[in-house]
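To keep things clear, I will list the structure first and then write my remarks on it.
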Number of protein chains: 2
Amino acid sequence: MGVHRRSASSYAFDGVVIRSAAAVVGPKEGEGPLGSYFDRIWPSELNNHSSFEVAERALLVEAQNLTLQKGEQDWFNVDVVMGGDLLDQLISTNFAAREHQRPLLGLFSACAVFTEGLGLGALAIAGQGPKTVLVGASSHHMAAERQFRYPIELGYQRTPTAGWTATAAGSCLLSGSSSVDSGDIVIEAATFGRVVDWGSKNPNDMGTAMAPAAFDTIKRHLEDFNRDISDYDQIYTGDLGVLGVKLLDALASKEGFDWSHRLNDCGRSLYDIERQDVHNGGSGAGCSASVFSGFLYHQLQHGQFHRILLVSTGALFSPTSYQQGESIPSIAHAVAISRAD
Amino acid sequence: MGVHRRSASSYAFDGVVIRSAAAVVGPKEGEGPLGSYFDRIWPSELNNHSSFEVAERALLVEAQNLTLQKGEQDWFNVDVVMGGDLLDQLISTNFAAREHQRPLLGLFSACAVFTEGLGLGALAIAGQGPKTVLVGASSHHMAAERQFRYPIELGYQRTPTAGWTATAAGSCLLSGSSSVDSGDIVIEAATFGRVVDWGSKNPNDMGTAMAPAAFDTIKRHLEDFNRDISDYDQIYTGDLGVLGVKLLDALASKEGFDWSHRLNDCGRSLYDIERQDVHNGGSGAGCSASVFSGFLYHQLQHGQFHRILLVSTGALFSPTSYQQGESIPSIAHAVAISRAD
């Protein structure tokens with residue numbers, strides 16, 4: 001195991017393996033094109049819980065427990081839990097931690113938190129700190145809508161550029177390994193993002209706000225590791241959605257890069273955009289967490305992908321900052337994940 | 001440099017030095033007993049900023065800039081920025097990061113975030129990741145009051161157990177060092193906390209909610225490093241306040257430990273409790289950050305203390321969780337800091 005610093009932003013890791021992964025989603029996500037890849041699909045948004053907030057933390061706890069089951073590990077084998085969510089004061093992550101009683105490191109970078117956790121967890125393990133880190137992230141459509149926008153009961157009309165916060169949680173168990181076996185899913189490297197703010201102020205268009213942050217991080221990643229976009233089967237951004245991916249592609253083109261055939265997005269993949277009426281696509285901290293932990297991890301395991309770059313994207317505004325007329329600072333953290341030969 | 005895992009919770013570090021530290025506070029904090037130790041005291045809570053939220057992020061930026069000035073470093077020398085605050089979606093930390101454009105890892109553990117950052121920053125550096133990490137935390141009395149309780153203009157009466165959220169920011173520059181010199185301030189070890197919830201539901205009495213978490217972390221720390229309370233000149237909890245420290249002492253006594261002469265608290269130290277009418281004492285993410293970065297760092301540098309344990313404490317509730325009848329989960333992260341002989 002070991003860490004290799006490539007720049008202030010970029011670190012390569014030896015011997016960090018994703019031992020297991022699990023995703024639990026709501027009914028709408030289950031009806032989407034990736035439905036068959038999720039470990040559990042809830043029959044309703046509440047699933048008999050007393051509130052949407054309680055439901056969100058239950059989603060996370062289910063995903064964490066399933067991850068451990070699939071990895072044949074007990075909570076006792078988890079050194080540290082890392083992760084975050086969108087709710088004020090991180091109540092999903094923090095209240096979920098009452099159940100497991102393991103050391104907790106709460107993170108926040110809005111919908112970019114899943115790759116913040118994967119990168120930081122890998123850094124900690126490769127640096128010979130914790131032996132295992134359980135990384136998770138969650139979001140819930142109804143809880144996010146009433147915190148950030150309007151209660152769902154209001155039935156207001158959504159703008160075409162609006163994202164659909166996913167009801168979903170994803171979780172991965174990271175562990176250190178002195179020898180990596182063929183078929184192991186490995187976290188090769190992370191590039192941590194910086195805050196990028198091009199002045200966008202529309203909270204119903206996060207794709208536009210976040211695309212420059214994704215571009216900044218991907219470009220930096222490729223430079224720091226001296227790689228080309230073709231070294232990755234796919235780049236999966238977190239929740240840029242239909243519009244955001246187009247903007248990212250345009251930003252790349254403008255600087256002379258042809259990324260068009262390699263770009264994909266967890267939020268765009270999670271739903272059948274037209275049929276499910278989700279406008280710009282899925283968003284939320286649980287979006288990239290569940291798409292990776294359900295679908296992408298499976299594709300890597302089964303050799304459909306050899307190496308991907310997962311780039312969760314976060315819009316770092318709050319209702320207060322919006323009301324005060326501020327623009328929307330954004331961030332993207334990238335993690336390179338591959339299947340060992 | 002290196003990391004030594006003592007348990008899932010506890011890690012010892014070689015070669016991590018706090019190169020410089022700075023604290024910027026509001027007028028009330030400046031009038032308190034530690035006023036002379038702070039780098040800058042604002043003449044008013046707003047200090048000509050357009051809102052209390054904008055003021056809070058300005059406090060943090062000032063503390064970060066002063067830390068770099070004192071350490072004779074440029075922003076360019078900062079590999080990674082870590083930290084957090086209390087405002088929804090971490091807007092102080094995130095908006096402050098628009099200024100510096102360095103890689104950002106946002107953290108959240110309420111008022112425990114400063115030691116979460118010191119511990120995680122030290123772990124990352126000792127593990128040969130980033131060479132330098134700038135750790136900061138902030139809070140603002142007026143911004144916190146209107147987010148968590150009532151607008152200050154309402155003039156409501158405070159309960160005797162209520163804390164006083166500090167208007168303060170503190171920041172430390174951590175760097176790796178192959179050889180530690182005499183007089184260097186060293187991060188020896190960290191013990192990361194788990195969530196402890198004894199069922200307390202009173203948001204105007206955080207000391208009672210958080211004391212069990214502080215006890216759990218301190219006890220675990222001493223066990224993991226095979227140390228006795230007398231190995232530390234002082235244990236400084238974050239913001240247990242007058243009542244919380246008494247409870248912590250009582251919890252220790254009940255298990256047969258006499259900690260009474262070693263316990264102190266940043267929130268209790270920050271104000272003249274009676275004269276300044278702050279009831280239980282100071283609280284907020286900026287409380288332990290400023291008391292450490294202003295006062296305690298100075299005391300270590302000047303040999304008044306040889307080794308301390310800083311244990312920032314966090315109450316992980318939100319207004320929503322409170323309204324839903326939930327109890328208050330708490331956490332405490334401990335960092336052992338000493339002056340090299």
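By order of appearance in the structure tokens: chains A, B, ..., then residues from 1 within every chain, and ligands from 1 in the order shown.
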Self-check item: chain B contacts to chain A at 8 Å (only C-alpha atoms) as a PyMOL selection string
Solution: chain B and resi 2-5+7-9+11+78-80+86-91+94-95+97-98+101-110+116+123-124+126-130+192-197+316-318+321+329
Quiz item: Near Ala211 (chain A), within 10 Å and counting only C-alpha atoms, which residues show up once chain neighbours fewer than 2 positions away are dropped, as JSON, numbers by chain?
Solution: {"A": [196, 198, 206, 207, 208, 209, 213, 214, 215, 216, 237, 239, 240, 241, 243, 244, 245, 246, 247, 248, 249, 250, 251, 313, 314, 330, 331, 332]}
Using only C-alpha atoms, please write the residues we just selected to a file, as a PDB file, in the first residue's frame.
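The new file again-v3.pdb reads:
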```pdb
ATOM      1  CA  VAL A 196     -15.354  26.858  -9.541  1.00  0.00           C
ATOM      2  CA  TRP A 198     -18.780  31.072 -13.237  1.00  0.00           C
ATOM      3  CA  MET A 206     -27.413  22.949 -11.666  1.00  0.00           C
ATOM      4  CA  GLY A 207     -25.991  21.379 -14.819  1.00  0.00           C
ATOM      5  CA  THR A 208     -24.869  24.761 -16.106  1.00  0.00           C
ATOM      6  CA  ALA A 209     -23.416  25.711 -12.721  1.00  0.00           C
ATOM      7  CA  ALA A 213     -16.190  22.372 -12.182  1.00  0.00           C
ATOM      8  CA  ALA A 214     -16.372  18.949 -13.818  1.00  0.00           C
ATOM      9  CA  PHE A 215     -14.295  20.185 -16.752  1.00  0.00           C
ATOM     10  CA  ASP A 216     -11.687  21.675 -14.414  1.00  0.00           C
ATOM     11  CA  THR A 237     -20.038  12.612 -14.092  1.00  0.00           C
ATOM     12  CA  ASP A 239     -25.439  14.724 -11.972  1.00  0.00           C
ATOM     13  CA  LEU A 240     -24.764  17.147 -14.787  1.00  0.00           C
ATOM     14  CA  GLY A 241     -27.778  15.721 -16.593  1.00  0.00           C
ATOM     15  CA  LEU A 243     -27.759  19.793 -20.470  1.00  0.00           C
ATOM     16  CA  GLY A 244     -24.685  19.653 -18.244  1.00  0.00           C
ATOM     17  CA  VAL A 245     -23.040  16.877 -20.266  1.00  0.00           C
ATOM     18  CA  LYS A 246     -23.577  18.886 -23.455  1.00  0.00           C
ATOM     19  CA  LEU A 247     -21.935  21.895 -21.810  1.00  0.00           C
ATOM     20  CA  LEU A 248     -19.040  19.798 -20.563  1.00  0.00           C
ATOM     21  CA  ASP A 249     -18.523  18.425 -24.051  1.00  0.00           C
ATOM     22  CA  ALA A 250     -18.626  21.966 -25.459  1.00  0.00           C
ATOM     23  CA  LEU A 251     -16.099  23.221 -22.893  1.00  0.00           C
ATOM     24  CA  THR A 313     -20.448  16.947  -9.054  1.00  0.00           C
ATOM     25  CA  GLY A 314     -21.739  19.283  -6.356  1.00  0.00           C
ATOM     26  CA  SER A 330     -19.533  24.181  -7.666  1.00  0.00           C
ATOM     27  CA  ILE A 331     -17.040  21.382  -7.167  1.00  0.00           C
ATOM     28  CA  ALA A 332     -16.235  17.988  -8.668  1.00  0.00           C
TER      29      ALA A 332
END
```
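Note on identical chains: chain A superimposed on chain B gives 0.0 Å, C-alpha RMSD over every paired atom.
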Practice problem: Enumerate as a PyMOL selection string all residues of region 49-177 of chain A assigned to strand (DSSP E or B) by DSSP on the backbone, naming them with the chain letters and numbers the document uses. | Solution: chain A and resi 80-85+104-107+109+111+132-139+164-165+168-176
Quiz item: Quick one, how far is CA of Pro151 (chain A) from CA of Gly238 (chain A)?
Solution: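 Taking CA of Pro151 (chain A) and CA of Gly238 (chain A), their separation equals 24.6 Å.
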Practice problem: Quick one: pull the distance between CA of Asn65 (chain A) and CA of Gly136 (chain A), Å, one decimal. | Solution: 10.9 Å
Exercise. With a distance cut-off of 8 Å and only C-alpha atoms, select the neighbouring residues of region 261-268 of chain B, excluding the residue or stretch itself and same-chain residues fewer than 2 positions from it, and output the selection as a PyMOL selection string.
Key: chain B and resi 229-230+232-242+245+249+258-259+270-273+280-283+287-288+291-292
Quiz item: What gap, in Å, lies between CA of Gly183 (chain B) and CA of His306 (chain B)?
Solution: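 Value for the CA of Gly183 (chain B)-CA of His306 (chain B) distance: 9.9 Å.
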Quiz item: From the set A:Ala144, A:Leu66, A:Ile218, A:Val135, which residue has the shortest atom-to-atom contact distance to Thr165 (chain A), counting only C-alpha atoms?
Solution: A:Ala144
Quiz item: Mind checking DSSP for region 79-306 of chain B and telling me the alpha helix (DSSP H) residues as a PyMOL selection string?
Solution: chain B and resi 91-100+113-126+141-148+206-224+241-254+266-270+285-290+297-301
Quiz prompt | Using only C-alpha atoms: which of A:Val61, A:Leu173, A:Cys111, A:Ile41 has the shortest distance to Ser293 (chain A) | solution = A:Leu173
